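One structure below.
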Amino acid sequence: QVHLVESGGGLVQAGGSLRLSCAASGRNFTYWTMGWFRQAPGKERDFIAAISWIGGSTYYGDSVKGRFAISRDNAENTVWLQMNSLIPKDTAVYYCAADSRRVTYWSGIYYTPAAYDCWGQGTQVTVSS
């Protein structure tokens, strides 16, 4: 059974940085695509970033390209999201997600929430202007 726990959220001023962590429990973490999504009040859950099971491929949503970076350590069962140059529109609850069924691997589609079967509880990120 997969269990994901996010941490690192908080309040930051515009232009600042935060680093989110996602600790995963469960077997075969190395083989899972890991993703980050966010959801603002009244809006859909948006794709932020994903990293392939080997970690050699990364994918980003258009709104965060060049500002955010996803990385993973398979030995530590952890994935991170480094967020730089934060803006107020980045304010949302950020969710870590795991694709333990390898849907993303076979479909090549990393940006849809439906491809991920395991989710963390979310961590709030608030960017003040």
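Just so we're on the same page: first chain in the structure tokens is A, next is B, and so on; residues restart at 1 for each chain, and ligands are numbered from 1 in the order they show up.
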
Neighbour list for Thr123 (chain A) as a CSV table (one decimal) with N, CA, C and O atoms, in the first residue's frame, cut-off 10 Å, only C-alpha atoms, skip fewer than 5 positions in-chain:
chain,number,residue,atom,x,y,z
A,5,VAL,N,3.3,11.6,2.0
A,5,VAL,CA,3.2,12.6,3.0
A,5,VAL,C,4.0,13.8,2.5
A,5,VAL,O,5.2,13.7,2.3
A,6,GLU,N,3.3,14.9,2.2
A,6,GLU,CA,4.0,16.2,1.8
A,6,GLU,C,4.4,17.0,3.0
A,6,GLU,O,3.7,17.0,4.0
A,7,SER,N,5.4,17.8,2.8
A,7,SER,CA,5.8,18.8,3.8
A,7,SER,C,6.5,19.9,3.1
A,7,SER,O,6.9,19.8,1.9
A,8,GLY,N,6.7,21.0,3.8
A,8,GLY,CA,7.5,22.2,3.3
A,8,GLY,C,6.7,23.3,2.8
A,8,GLY,O,7.2,24.4,2.4
A,9,GLY,N,5.4,23.2,2.9
A,9,GLY,CA,4.5,24.4,2.5
A,9,GLY,C,4.6,25.5,3.5
A,9,GLY,O,5.2,25.3,4.6
A,10,GLY,N,4.0,26.6,3.2
A,10,GLY,CA,4.0,27.8,4.1
A,10,GLY,C,3.7,29.1,3.4
A,10,GLY,O,3.3,29.1,2.3
A,20,LEU,N,9.3,21.8,-1.5
A,20,LEU,CA,8.3,20.8,-1.0
A,20,LEU,C,8.9,19.4,-1.0
A,20,LEU,O,9.7,19.1,-1.9
A,21,SER,N,8.6,18.6,0.0
A,21,SER,CA,9.1,17.3,0.0
A,21,SER,C,7.9,16.3,0.0
A,21,SER,O,6.8,16.7,0.6
A,22,CYS,N,8.1,15.2,-0.5
A,22,CYS,CA,7.1,14.1,-0.5
A,22,CYS,C,7.8,12.8,-0.1
A,22,CYS,O,8.6,12.3,-0.9
A,38,ARG,N,-1.4,21.0,-8.1
A,38,ARG,CA,-1.9,22.0,-7.2
A,38,ARG,C,-3.3,22.4,-7.5
A,38,ARG,O,-3.8,22.2,-8.6
A,92,ALA,N,-1.8,27.9,-3.6
A,92,ALA,CA,-2.7,26.7,-3.8
A,92,ALA,C,-2.3,25.6,-2.8
A,92,ALA,O,-1.3,25.8,-2.0
A,93,VAL,N,-3.1,24.6,-2.7
A,93,VAL,CA,-2.7,23.4,-2.0
A,93,VAL,C,-1.9,22.5,-3.0
A,93,VAL,O,-2.4,22.3,-4.1
A,94,TYR,N,-0.8,22.1,-2.6
A,94,TYR,CA,0.1,21.3,-3.5
A,94,TYR,C,0.0,19.8,-3.1
A,94,TYR,O,0.2,19.5,-1.9
A,95,TYR,N,-0.2,19.0,-4.1
A,95,TYR,CA,-0.4,17.5,-3.8
A,95,TYR,C,0.7,16.8,-4.5
A,95,TYR,O,1.1,17.0,-5.7
A,96,CYS,N,1.3,15.8,-3.8
A,96,CYS,CA,2.2,14.8,-4.4
A,96,CYS,C,1.3,13.6,-4.8
A,96,CYS,O,0.4,13.3,-4.2

task: Would you please extract all alpha helix (DSSP H) residues from chain A, as assigned by DSSP on the backbone, and give them as JSON, numbers by chain?
output: {"A": [103, 104, 105, 106, 107]}

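With distances restricted to only C-alpha atoms, A:Gly61 is the closest residue to Thr112 (chain A) from A:Gly15, A:Gly66, A:Gly61, A:Pro88.
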
field: Polymer residues at most 9 Å from Tyr31 (chain A), only C-alpha atoms, same-chain spacing of 3 or more positions, as a ChimeraX atom specification
entry: /A:28,52-54,99-100,102

- request: Grab the CA of Val64 (chain A) to CA of Gln121 (chain A) distance for me, in Å with one decimal place.
  value: 21.6 Å

query: If you count only C-alpha atoms, which residues fall within 9 Å of Phe47 (chain A), apart from same-chain ones fewer than 5 positions away, as a PyMOL selection string?
result: chain A and resi 35-38+60-61+110-113

I'd like the neighbourhood of Phe68 (chain A) as a compact mmCIF listing (two decimals) with N, CA, C and O atoms, in the first residue's frame, where a residue qualifies if any of its atoms comes within 10 Å (using only C-alpha atoms), though same-chain residues fewer than 2 positions away should be ignored.
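What follows is the written file out.txt:
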# COMPACT_ATOMS: atom_id res chain seq x y z
N SER A 17 11.32 31.59 -2.37
CA SER A 17 11.44 30.18 -2.74
C SER A 17 10.91 29.28 -1.63
O SER A 17 10.94 29.66 -0.46
N LEU A 18 10.47 28.12 -2.02
CA LEU A 18 10.08 27.07 -1.09
C LEU A 18 10.50 25.74 -1.70
O LEU A 18 10.56 25.60 -2.93
N ARG A 19 10.74 24.77 -0.84
CA ARG A 19 11.04 23.43 -1.30
C ARG A 19 10.07 22.45 -0.65
O ARG A 19 10.08 22.31 0.59
N ILE A 48 1.65 20.28 -12.27
CA ILE A 48 2.82 21.12 -12.05
C ILE A 48 4.07 20.47 -12.62
O ILE A 48 4.79 21.07 -13.41
N ALA A 49 4.35 19.25 -12.21
CA ALA A 49 5.58 18.61 -12.65
C ALA A 49 5.48 17.10 -12.43
O ALA A 49 4.70 16.64 -11.60
N TYR A 60 6.97 19.52 -17.06
CA TYR A 60 6.49 20.67 -16.30
C TYR A 60 5.28 21.30 -16.97
O TYR A 60 5.16 21.32 -18.20
N GLY A 61 4.41 21.84 -16.13
CA GLY A 61 3.33 22.65 -16.64
C GLY A 61 3.86 23.98 -17.15
O GLY A 61 4.87 24.48 -16.66
N SER A 63 2.96 26.95 -16.71
CA SER A 63 2.97 28.07 -15.77
C SER A 63 4.18 28.06 -14.83
O SER A 63 4.45 29.06 -14.18
N VAL A 64 4.89 26.95 -14.76
CA VAL A 64 6.00 26.85 -13.82
C VAL A 64 7.34 26.56 -14.48
O VAL A 64 8.37 26.51 -13.80
N LYS A 65 7.34 26.39 -15.78
CA LYS A 65 8.60 26.09 -16.48
C LYS A 65 9.63 27.19 -16.23
O LYS A 65 9.32 28.38 -16.32
N GLY A 66 10.82 26.78 -15.91
CA GLY A 66 11.89 27.73 -15.64
C GLY A 66 11.93 28.24 -14.23
O GLY A 66 12.91 28.89 -13.83
N ILE A 70 11.65 19.55 -10.30
CA ILE A 70 11.30 18.32 -9.59
C ILE A 70 12.52 17.40 -9.58
O ILE A 70 13.29 17.35 -10.56
N LEU A 81 10.03 19.24 -4.78
CA LEU A 81 9.66 20.27 -5.74
C LEU A 81 10.28 21.57 -5.26
O LEU A 81 9.86 22.13 -4.26
N GLN A 82 11.32 22.02 -5.95
CA GLN A 82 11.95 23.29 -5.65
C GLN A 82 11.21 24.38 -6.41
O GLN A 82 11.10 24.32 -7.63
N MET A 83 10.70 25.35 -5.67
CA MET A 83 9.90 26.42 -6.26
C MET A 83 10.61 27.75 -6.07
O MET A 83 10.83 28.18 -4.93
N ASN A 84 10.99 28.37 -7.15
CA ASN A 84 11.67 29.66 -7.12
C ASN A 84 10.83 30.73 -7.79
O ASN A 84 9.90 30.42 -8.53
N SER A 85 11.19 31.97 -7.53
CA SER A 85 10.49 33.11 -8.15
C SER A 85 8.99 32.98 -8.01
O SER A 85 8.23 33.14 -8.96
N LEU A 86 8.56 32.69 -6.81
CA LEU A 86 7.13 32.47 -6.56
C LEU A 86 6.34 33.75 -6.76
O LEU A 86 6.81 34.86 -6.47

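From CA of Ala50 (chain A) back to CA of Asp90 (chain A), the distance works out to 17.0 Å.
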